[in-house]
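K.L.:
So I've got this file, my_file08.cif, and it contains mmCIF, C-alpha atoms:
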```cif
data_target
#
loop_
_atom_site.label_atom_id
_atom_site.label_comp_id
_atom_site.auth_asym_id
_atom_site.auth_seq_id
_atom_site.Cartn_x
_atom_site.Cartn_y
_atom_site.Cartn_z
CA MET R 12 -29.50 1.36 -35.65
CA ALA R 13 -28.13 0.40 -32.23
CA ILE R 14 -25.92 2.92 -30.47
CA LYS R 15 -22.46 1.48 -29.84
CA GLU R 16 -21.52 1.75 -26.17
CA SER R 17 -17.95 2.18 -24.96
CA PRO R 18 -16.97 -0.55 -22.49
CA ILE R 19 -16.89 0.86 -18.95
CA ILE R 20 -13.23 -0.07 -18.54
CA ASN R 21 -12.36 2.17 -21.51
CA ILE R 22 -14.27 5.06 -19.97
CA LEU R 23 -12.55 4.66 -16.59
CA THR R 24 -9.07 4.42 -18.09
CA TYR R 25 -9.54 7.21 -20.62
CA GLN R 26 -6.40 9.40 -20.79
CA LEU R 27 -4.54 7.44 -18.12
CA PRO R 28 -0.89 6.59 -18.88
CA PHE R 29 -0.50 3.52 -21.10
CA VAL R 30 1.36 1.39 -18.53
CA LEU R 31 -1.35 1.91 -15.95
CA THR R 32 -4.17 1.45 -18.46
CA ASN R 33 -2.58 -1.77 -19.60
CA GLN R 34 -2.39 -3.18 -16.06
CA ILE R 35 -6.00 -2.23 -15.33
CA TYR R 36 -7.27 -3.53 -18.66
CA ASN R 37 -5.46 -6.88 -18.31
CA GLU R 38 -6.74 -7.41 -14.78
CA TYR R 39 -10.27 -6.49 -15.88
CA GLN R 40 -10.27 -8.87 -18.86
CA SER R 41 -8.84 -11.74 -16.86
CA ARG R 42 -11.30 -11.30 -13.97
CA LEU R 43 -14.28 -10.83 -16.29
CA LYS R 44 -13.45 -14.06 -18.10
CA GLU R 45 -13.20 -15.83 -14.75
CA ALA R 46 -16.48 -14.30 -13.51
CA ILE R 47 -18.37 -15.42 -16.62
CA TYR R 48 -16.92 -18.92 -16.31
CA LEU R 49 -17.96 -19.14 -12.64
CA ILE R 50 -21.49 -17.91 -13.39
CA ASP R 51 -21.90 -20.30 -16.30
CA ASN R 52 -20.58 -23.35 -14.47
CA PHE R 53 -21.45 -23.06 -10.77
CA ASN R 54 -24.90 -22.87 -9.24
CA THR R 55 -23.66 -20.62 -6.42
CA TYR R 56 -23.15 -17.79 -8.87
CA LYS R 57 -26.21 -18.43 -11.05
CA PRO R 58 -28.23 -15.59 -9.41
CA LEU R 59 -25.93 -13.20 -11.28
CA LYS R 60 -26.67 -14.72 -14.69
CA GLU R 61 -28.92 -11.81 -15.68
CA ASN R 62 -26.55 -9.16 -14.34
CA ILE R 63 -23.42 -9.48 -16.46
CA LYS R 64 -23.54 -5.77 -17.34
CA THR R 65 -23.62 -4.90 -13.64
CA ILE R 66 -20.74 -7.25 -12.91
CA GLU R 67 -18.72 -5.49 -15.61
CA LEU R 68 -19.45 -2.17 -13.90
CA PHE R 69 -18.45 -3.36 -10.43
CA LEU R 70 -15.40 -5.16 -11.68
CA ALA R 71 -14.13 -2.12 -13.57
CA LEU R 72 -14.95 0.16 -10.65
CA SER R 73 -13.22 -2.02 -8.07
CA ILE R 74 -10.04 -2.32 -10.14
CA PHE R 75 -10.07 1.44 -10.72
CA HIS R 76 -10.57 1.91 -6.98
CA ARG R 77 -7.62 -0.24 -6.01
CA ARG R 78 -5.19 0.89 -8.66
CA ILE R 79 -6.05 4.60 -8.86
CA ILE R 80 -8.12 5.97 -6.00
CA THR R 81 -6.20 4.31 -3.17
CA ASN R 82 -2.90 5.60 -4.57
CA LEU R 83 -4.29 9.11 -4.88
CA ASP R 84 -5.55 8.89 -1.33
CA GLY R 85 -2.09 7.73 -0.21
CA ALA R 86 -0.48 10.72 -1.94
CA VAL R 87 -2.83 13.13 -0.17
CA LYS R 88 -2.05 11.59 3.22
CA PHE R 89 1.70 11.66 2.60
CA TYR R 90 1.47 15.31 1.50
CA GLU R 91 -0.30 16.14 4.74
CA THR R 92 2.38 14.37 6.80
CA VAL R 93 5.25 16.10 4.99
CA THR R 94 3.75 19.58 5.21
CA LYS R 95 2.86 19.06 8.87
CA LYS R 96 6.33 17.80 9.77
CA GLY R 97 8.49 19.94 7.49
CA GLU R 98 8.74 23.56 6.38
CA THR R 99 7.64 22.85 2.85
CA ASP R 100 4.51 22.90 0.73
CA THR R 101 5.77 20.82 -2.21
CA ILE R 102 6.84 17.23 -2.76
CA ARG R 103 8.90 16.58 -5.87
CA ILE R 104 8.36 13.09 -7.27
CA GLY R 105 10.59 12.68 -10.32
CA SER R 106 9.68 15.63 -12.53
CA TYR R 107 6.25 16.08 -10.94
CA ASP R 108 5.65 18.62 -8.19
CA LEU R 109 2.89 17.76 -5.75
CA THR R 110 1.91 21.23 -4.54
CA GLY R 111 -0.93 22.34 -2.28
CA ASP R 112 -3.09 23.09 -5.34
CA GLU R 113 -2.36 19.69 -6.84
CA LYS R 114 -3.09 18.01 -3.52
CA ASN R 115 -6.44 19.81 -3.36
CA LYS R 116 -7.30 18.68 -6.90
CA ILE R 117 -6.47 15.08 -5.97
CA LEU R 118 -8.42 15.37 -2.75
CA ALA R 119 -11.40 16.69 -4.71
CA VAL R 120 -11.22 13.64 -6.98
CA VAL R 121 -11.19 11.31 -3.97
CA ILE R 122 -14.08 13.18 -2.30
CA ASN R 123 -16.14 13.19 -5.53
CA TYR R 124 -15.45 9.52 -6.03
CA ASN R 125 -16.58 8.71 -2.47
CA SER R 126 -19.71 10.87 -2.96
CA LEU R 127 -20.56 8.88 -6.06
CA LEU R 128 -20.21 5.62 -4.16
CA GLU R 129 -22.50 7.01 -1.49
CA LYS R 130 -25.01 8.37 -4.02
CA PHE R 131 -25.39 4.96 -5.63
CA SER R 132 -25.33 3.15 -2.27
CA ILE R 133 -22.20 1.21 -3.19
CA PRO R 134 -20.55 0.04 0.02
CA PRO R 135 -16.74 0.42 -0.18
CA ILE R 136 -16.44 -3.13 1.20
CA ILE R 137 -17.49 -4.35 -2.26
CA MET R 138 -14.06 -3.23 -3.50
CA GLU R 139 -12.28 -5.44 -0.98
CA TYR R 140 -11.67 -8.83 -2.48
CA TYR R 141 -8.77 -11.03 -3.39
CA GLU R 142 -10.36 -13.56 -5.67
CA THR R 143 -13.01 -12.81 -8.28
CA ARG R 144 -15.42 -15.27 -6.68
CA GLU R 145 -15.33 -13.17 -3.49
CA LEU R 146 -16.58 -10.19 -5.50
CA LEU R 147 -19.33 -12.33 -7.02
CA LYS R 148 -20.43 -13.52 -3.58
CA LYS R 149 -20.54 -9.94 -2.33
CA LEU R 150 -22.61 -8.93 -5.34
CA ILE R 151 -25.07 -11.77 -4.70
CA THR R 152 -25.45 -10.56 -1.11
CA LEU R 153 -25.84 -6.95 -2.23
CA LYS R 154 -28.40 -7.96 -4.82
CA SER R 155 -30.49 -9.88 -2.33
CA GLU R 156 -30.26 -7.03 0.19
CA LEU R 157 -31.42 -4.54 -2.41
CA GLU R 158 -34.25 -6.76 -3.62
CA TYR R 159 -35.36 -7.43 -0.08
CA GLY R 160 -35.10 -3.69 0.67
CA ASP R 161 -37.08 -2.84 -2.47
CA ASN R 162 -39.84 -5.24 -1.50
CA ASN R 163 -40.02 -3.64 1.92
CA LYS R 164 -40.14 -0.20 0.36
CA LYS R 165 -42.95 -1.21 -1.99
CA LYS R 166 -44.94 -2.51 0.95
CA GLY R 167 -44.21 0.47 3.17
CA ASN R 168 -44.38 3.29 0.63
CA GLU R 169 -47.83 3.55 -0.82
CA ASN R 170 -47.13 6.98 -2.35
CA GLY R 171 -44.69 5.27 -4.69
CA SER R 172 -42.08 8.07 -4.61
CA LYS R 173 -39.47 7.64 -7.33
CA GLU R 174 -36.20 6.16 -6.08
CA GLU R 175 -32.91 6.15 -7.96
CA GLU R 176 -32.81 2.81 -9.70
CA PHE R 177 -29.98 0.45 -8.95
CA PRO R 178 -28.74 -1.27 -12.10
CA PHE R 179 -29.75 -4.79 -11.02
CA MET S 27 4.33 6.54 -0.45
CA THR S 28 1.42 5.25 1.60
CA CYS S 29 3.75 2.78 3.33
CA PHE S 30 6.38 5.39 4.01
CA ASN S 31 3.61 7.42 5.60
CA TYR S 32 2.65 4.46 7.79
CA ILE S 33 6.24 3.95 8.96
CA VAL S 34 6.46 7.63 9.87
CA ARG S 35 3.20 7.15 11.76
CA PHE S 36 4.60 4.09 13.59
CA TYR S 37 7.48 6.17 14.94
CA GLU S 38 5.24 9.10 15.78
CA LEU S 39 2.86 6.88 17.76
CA ASN S 40 5.83 5.38 19.58
CA GLY S 41 6.88 8.71 21.00
CA TYR S 42 9.38 9.90 18.42
CA GLU S 43 9.47 13.47 17.18
CA LEU S 44 9.56 13.60 13.42
CA ILE S 45 10.62 16.22 10.95
CA ALA S 46 10.86 16.18 7.18
CA THR S 47 14.45 17.15 6.52
CA ASN S 48 17.11 17.66 3.85
CA LEU S 49 14.63 19.69 1.81
CA GLN S 50 15.95 20.72 -1.58
CA ASN S 51 15.32 24.46 -2.09
CA GLY S 52 12.36 24.18 0.26
CA ILE S 53 10.92 21.15 -1.56
CA TYR S 54 10.60 17.62 -0.18
CA ARG S 55 12.31 15.57 -2.89
CA TYR S 56 11.05 11.99 -2.88
CA LYS S 57 13.53 9.31 -3.97
CA LEU S 58 11.74 7.03 -6.38
CA THR S 59 14.50 4.60 -7.34
CA PRO S 60 17.78 3.24 -5.93
CA ALA S 61 19.66 5.46 -8.40
CA GLY S 62 20.80 8.92 -7.35
CA ILE S 63 22.87 10.48 -4.61
CA GLN S 64 21.08 10.18 -1.30
CA SER S 65 22.01 13.67 -0.11
CA ASN S 66 20.04 15.12 -3.04
CA PHE S 67 16.83 13.68 -1.63
CA SER S 68 14.75 14.36 1.45
CA HIS S 69 13.93 12.02 4.30
CA PHE S 70 12.38 12.01 7.77
CA GLU S 71 14.40 12.43 10.91
CA ALA S 72 13.06 10.68 14.00
CA THR S 73 14.21 11.78 17.45
CA ALA S 74 13.50 9.48 20.37
CA SER S 75 11.81 11.41 23.16
CA LYS S 76 14.05 9.77 25.75
CA GLY S 77 17.79 9.92 25.22
CA LYS S 78 17.49 12.19 22.20
CA GLU S 79 18.87 9.55 19.86
CA LYS S 80 18.28 10.45 16.23
CA PHE S 81 17.48 8.21 13.30
CA GLU S 82 16.65 8.69 9.66
CA ILE S 83 13.78 7.09 7.77
CA GLN S 84 15.11 6.84 4.24
CA HIS S 85 13.71 5.43 1.03
CA ASN S 86 15.59 3.50 -1.62
CA LEU S 87 18.94 3.53 0.13
CA ALA S 88 21.46 0.71 -0.44
CA ILE S 89 22.37 -1.28 2.69
CA GLN S 90 25.46 -3.42 3.18
CA SER S 91 24.82 -7.14 3.60
CA SER S 92 25.30 -8.64 7.05
CA GLN S 93 26.76 -11.79 5.40
CA ASP S 94 29.30 -10.25 3.02
CA SER S 95 30.52 -6.67 3.32
CA THR S 96 31.00 -6.33 -0.42
CA LEU S 97 27.32 -6.93 -1.18
CA PHE S 98 24.49 -4.43 -1.03
CA THR S 99 20.76 -4.47 -1.51
CA THR S 100 18.20 -1.70 -1.47
CA PRO S 101 15.08 -2.15 0.65
CA ASP S 102 12.23 0.24 -0.05
CA ILE S 103 12.35 1.87 3.37
CA SER S 104 15.23 1.78 5.80
CA ILE S 105 15.65 3.14 9.30
CA ILE S 106 19.24 4.06 9.96
CA LYS S 107 21.32 5.98 12.49
CA LYS S 108 21.52 9.69 11.76
CA ASP S 109 24.24 11.00 9.42
CA LYS S 110 25.58 7.55 8.54
CA VAL S 111 25.00 7.56 4.77
CA GLN S 112 28.32 7.06 3.00
CA TYR S 113 29.36 7.69 -0.60
CA THR S 114 31.85 6.00 -2.89
CA THR S 115 32.79 6.08 -6.55
CA ALA S 116 34.53 2.70 -6.35
CA TYR S 117 31.40 0.57 -6.45
CA TYR S 118 30.43 1.05 -10.09
CA ASP S 119 32.81 0.61 -13.03
CA THR S 120 31.42 3.89 -14.37
CA LYS S 121 32.60 5.77 -11.25
CA THR S 122 29.05 6.87 -10.57
CA THR S 123 28.55 7.86 -6.96
CA PHE S 124 27.03 5.08 -4.89
CA SER S 125 25.19 5.94 -1.67
CA PHE S 126 25.03 3.29 1.04
CA VAL S 127 24.92 2.56 4.75
CA VAL S 128 27.08 0.00 6.49
CA ASN S 129 25.13 -2.81 8.09
CA LYS S 130 25.81 -1.86 11.72
CA ASP S 131 24.05 1.47 11.16
CA LEU S 132 20.85 -0.17 9.93
CA MET S 133 18.15 -0.34 12.60
CA SER S 134 15.40 -1.92 10.52
CA PHE S 135 13.91 -2.02 7.06
CA CYS S 136 10.65 -2.52 5.20
CA GLU S 137 9.91 -4.00 1.84
CA VAL S 138 6.81 -2.81 0.04
CA LYS S 139 5.06 -4.66 -2.77
CA GLN S 140 2.14 -3.47 -4.85
CA PHE S 141 0.90 -6.99 -5.59
CA ASN S 142 -1.42 -9.63 -4.32
CA PRO S 143 0.64 -11.85 -2.03
CA PHE S 144 1.97 -15.10 -3.44
CA PRO S 145 4.37 -17.67 -1.92
CA GLU S 146 7.55 -16.73 -3.81
CA LEU S 147 7.13 -13.08 -2.90
CA LEU S 148 6.89 -13.96 0.79
CA PHE S 149 9.88 -16.30 0.75
CA ASN S 150 11.95 -13.74 -1.17
CA PHE S 151 11.51 -11.38 1.76
CA ILE S 152 13.16 -13.95 4.03
CA GLY S 153 16.10 -13.94 1.60
CA VAL S 154 16.45 -10.18 2.06
CA LEU S 155 16.14 -10.63 5.83
CA ASN S 156 18.91 -13.23 5.72
CA GLU S 157 21.13 -10.78 3.86
CA LEU S 158 20.44 -7.65 5.90
CA LYS S 159 19.71 -9.04 9.37
CA LYS S 160 21.27 -12.49 9.52
CA GLU S 161 20.87 -12.64 13.30
CA TYR S 162 17.09 -12.71 12.78
CA MET S 163 17.36 -16.05 11.02
CA VAL S 164 18.28 -17.67 14.34
CA ASP S 165 16.21 -15.32 16.47
CA LYS S 166 19.25 -13.52 17.88
CA GLY S 167 18.03 -10.02 17.06
CA LYS S 168 18.88 -7.36 19.63
CA LYS S 169 16.01 -5.73 21.46
CA LEU S 170 16.52 -2.06 20.74
CA ASN S 171 15.98 0.88 23.02
CA PRO S 172 14.45 3.17 21.82
CA ILE S 173 12.22 0.78 19.94
CA HIS S 174 12.18 0.24 16.18
CA ILE S 175 9.75 -1.59 13.97
CA ALA S 176 10.80 -5.17 13.20
CA PRO S 177 11.76 -5.88 9.58
CA SER S 178 8.47 -5.75 7.73
CA LEU S 179 6.98 -6.79 4.45
CA MET S 180 4.05 -4.64 3.41
CA ILE S 181 1.85 -5.91 0.60
CA SER S 182 -1.04 -4.05 -0.94
CA GLY S 183 -3.07 -7.08 -2.02
CA LYS S 184 -5.38 -9.31 -0.07
CA PRO S 185 -4.21 -12.73 1.10
CA ASN S 186 -5.85 -16.08 0.47
CA LYS S 187 -5.79 -19.14 2.71
CA GLN S 188 -2.35 -20.27 1.49
CA THR S 189 -0.63 -16.91 1.87
CA ASN S 190 -2.22 -16.47 5.29
CA ASN S 191 -0.70 -19.81 6.30
CA ILE S 192 2.71 -18.71 5.03
CA LYS S 193 2.44 -15.45 6.98
CA SER S 194 1.62 -17.35 10.19
CA SER S 195 4.48 -19.75 9.64
CA LEU S 196 7.05 -17.06 8.85
CA GLU S 197 5.98 -14.87 11.76
CA ASN S 198 6.20 -17.91 13.97
CA ARG S 199 9.78 -18.53 12.88
CA TYR S 200 11.17 -14.99 12.59
CA CYS S 201 10.75 -11.63 14.30
CA VAL S 202 9.12 -9.92 11.33
CA ASN S 203 5.83 -8.28 10.42
CA ILE S 204 4.01 -9.35 7.29
CA ILE S 205 1.25 -6.88 6.59
CA TYR S 206 -1.33 -7.55 3.89
CA ASP S 207 -4.09 -5.51 2.40
CA LEU S 208 -2.43 -2.15 2.91
CA PHE S 209 -5.10 0.01 1.39
CA TYR S 210 -7.80 -1.18 3.77
CA SER S 211 -6.60 -2.87 6.91
CA ALA S 212 -3.37 -0.88 7.29
CA THR S 213 -5.25 2.14 8.60
CA PHE S 214 -6.38 -0.13 11.41
CA THR S 215 -2.96 -1.86 11.79
CA PHE S 216 -1.20 1.50 12.20
CA SER S 217 -3.89 3.04 14.40
CA LYS S 218 -3.18 4.23 17.94
CA GLY S 219 -5.02 1.28 19.47
CA LYS S 220 -3.32 -1.40 17.37
CA ILE S 221 0.20 -0.05 16.94
CA ASN S 222 1.51 -2.08 19.85
CA ASP S 223 0.47 -5.29 18.10
CA LEU S 224 3.18 -4.71 15.51
CA ARG S 225 6.40 -6.46 16.33
CA LYS S 226 9.40 -4.42 17.36
CA ALA S 227 12.99 -5.12 16.35
CA GLY S 228 14.58 -7.81 18.50
CA LYS S 229 13.47 -11.34 19.23
CA LYS S 230 10.13 -12.87 18.35
CA PRO S 231 7.64 -13.02 21.20
CA SER S 232 8.06 -16.09 23.40
CA HIS S 233 5.14 -18.48 23.41
#
```
Would you mind writing the file's structure down as structure tokens?
P.N.:
Amino acid sequence: MAIKESPIINILTYQLPFVLTNQIYNEYQSRLKEAIYLIDNFNTYKPLKENIKTIELFLALSIFHRRIITNLDGAVKFYETVTKKGETDTIRIGSYDLTGDEKNKILAVVINYNSLLEKFSIPPIIMEYYETRELLKKLITLKSELEYGDNNKKKGNENGSKEEEFPF
Amino acid sequence: MTCFNYIVRFYELNGYELIATNLQNGIYRYKLTPAGIQSNFSHFEATASKGKEKFEIQHNLAIQSSQDSTLFTTPDISIIKKDKVQYTTAYYDTKTTFSFVVNKDLMSFCEVKQFNPFPELLFNFIGVLNELKKEYMVDKGKKLNPIHIAPSLMISGKPNKQTNNIKSSLENRYCVNIIYDLFYSATFTFSKGKINDLRKAGKKPSH
């Protein structure tokens, strides 16, 4: 019996507030539909035909990056400005207090997130796109770079040391 | 919050001294919406290094229209003269206190949008500019000393060809800054080396 996998977008939005989850989910669904249409109908994007699962991952990750991580990063920077320029260690935003401890937790999330990107060799520039087709073009470039790199490695590394596999 | 941080940075890089002020019991209270009495929230005070003129960088503060003194609108960030926020209970039928600044005390303002840019959003900003700084519509803005940032629209999303064309056209017609892609390129836009490329309040650069 096949194990049922949770869609990546559900994993990334788990326990986020509904309004935010809804925005992320809607953007993801709309862009995924567009990506599949482009791949099915235009030769330019055909190289990604076998990588729909990977596209889902990058799409979900990039939307999460823009809607969550960048805002958290902004909060950390603002906290640093306020505490540097004022005699305070807390910012009250509505009923939420952004304290030094909270700021450190948020900073840890941002640092961990960036470490993960680095670990899996995901260049942050992948997250920068306006239209879905721009993301697809970046993924085609990344794919060819990785394949070309892999070929070079195979030629140059006769010991065959085990590398972390990229999901292409 | 990120944009507010960038505006604070703009003033800092242009020689102002900045302090976070009007703390509430030692806490910086961030004003999230136009509702609420302004004195209950914190803001930044910017002191020009020359002349010691003081200004406030406020968020979500109502500003009087430059076209009709009975009208108000609330830009996301406003730079005003120090201690010029006024209060009235006559504005709302409910007698709720309304915080505002008269138009002559407004130095500049910024609108912030967490969207991808699209034409209507960009043209709406010119409507706000027309209301708050009518002199900018005919390029009669006063060059200010000490300097202030020109009215600016800051948008988080990335532009496409069409919205880039609109930005060029609007910046060609009016002394404004339209800044796209805040989460990536804004670090560069508000960096020490590039800060002078941002337009200052006054007239648009002559060609």
K.L.:
Quick check on the file I pasted: which residues fall under the PyMOL selection byres ((chain R and resi 152-155) around 12)? Write them as JSON, numbers by chain.
P.N.:
{"R": [55, 56, 58, 59, 61, 62, 65, 66, 69, 132, 133, 134, 135, 136, 137, 145, 146, 147, 148, 149, 150, 151, 156, 157, 158, 159, 160, 161, 162, 177, 178, 179]}
K.L.:
Those residues you just picked out, can you put them in a file as a compact mmCIF listing (two decimals), in the coordinates of the input with C-alpha atoms?
P.N.:
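Produced file part_3.txt, reproduced below:
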```txt
# COMPACT_ATOMS: atom_id res chain seq x y z
CA THR R 55 -23.66 -20.62 -6.42
CA TYR R 56 -23.15 -17.79 -8.87
CA PRO R 58 -28.23 -15.59 -9.41
CA LEU R 59 -25.93 -13.20 -11.28
CA GLU R 61 -28.92 -11.81 -15.68
CA ASN R 62 -26.55 -9.16 -14.34
CA THR R 65 -23.62 -4.90 -13.64
CA ILE R 66 -20.74 -7.25 -12.91
CA PHE R 69 -18.45 -3.36 -10.43
CA SER R 132 -25.33 3.15 -2.27
CA ILE R 133 -22.20 1.21 -3.19
CA PRO R 134 -20.55 0.04 0.02
CA PRO R 135 -16.74 0.42 -0.18
CA ILE R 136 -16.44 -3.13 1.20
CA ILE R 137 -17.49 -4.35 -2.26
CA GLU R 145 -15.33 -13.17 -3.49
CA LEU R 146 -16.58 -10.19 -5.50
CA LEU R 147 -19.33 -12.33 -7.02
CA LYS R 148 -20.43 -13.52 -3.58
CA LYS R 149 -20.54 -9.94 -2.33
CA LEU R 150 -22.61 -8.93 -5.34
CA ILE R 151 -25.07 -11.77 -4.70
CA GLU R 156 -30.26 -7.03 0.19
CA LEU R 157 -31.42 -4.54 -2.41
CA GLU R 158 -34.25 -6.76 -3.62
CA TYR R 159 -35.36 -7.43 -0.08
CA GLY R 160 -35.10 -3.69 0.67
CA ASP R 161 -37.08 -2.84 -2.47
CA ASN R 162 -39.84 -5.24 -1.50
CA PHE R 177 -29.98 0.45 -8.95
CA PRO R 178 -28.74 -1.27 -12.10
CA PHE R 179 -29.75 -4.79 -11.02
```
K.L.:
Can you translate the PyMOL selection byres ((chain S) within 8 of (chain R)) into the concrete residues it hits in this file, as a list of chain:residue names?
P.N.:
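With the PyMOL selection byres ((chain S) within 8 of (chain R)) on this model, the match is S:Met27, S:Thr28, S:Phe30, S:Asn31, S:Leu44, S:Ile45, S:Ala46, S:Thr47, S:Leu49, S:Gly52, S:Ile53, S:Tyr54, S:Arg55, S:Tyr56, S:Lys57, S:Leu58, S:Asn142, S:Gly183, S:Lys184, S:Pro185, S:Asn186, S:Phe209, S:Tyr210.
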K.L.:
If I take atom CA of S:Lys168 and atom CA of S:Thr213, how far is one from the other in Å, to one decimal?
P.N.:
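Distance reported for this atom pair: 28.2 Å.
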K.L.:
Expand the PyMOL selection byres ((chain S and resi 134) around 7) into the explicit residue set it covers here, and present it as a compact mmCIF listing (two decimals) with C-alpha atoms, keeping the file's coordinate frame.
P.N.:
```txt
# COMPACT_ATOMS: atom_id res chain seq x y z
CA SER S 104 15.23 1.78 5.80
CA ILE S 105 15.65 3.14 9.30
CA LEU S 132 20.85 -0.17 9.93
CA MET S 133 18.15 -0.34 12.60
CA PHE S 135 13.91 -2.02 7.06
CA HIS S 174 12.18 0.24 16.18
CA ILE S 175 9.75 -1.59 13.97
CA ALA S 176 10.80 -5.17 13.20
CA PRO S 177 11.76 -5.88 9.58
```
K.L.:
What does the structure give for the distance between atom CA of S:Val111 and atom CA of S:Phe126, in Å to one decimal?
P.N.:
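Separating atom CA of S:Val111 from atom CA of S:Phe126 is a distance of 5.7 Å.
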K.L.:
In Å to one decimal, how far is atom CA of S:Val34 from atom CA of S:Phe70?
P.N.:
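Computing it gives 7.7 Å between the two atoms.
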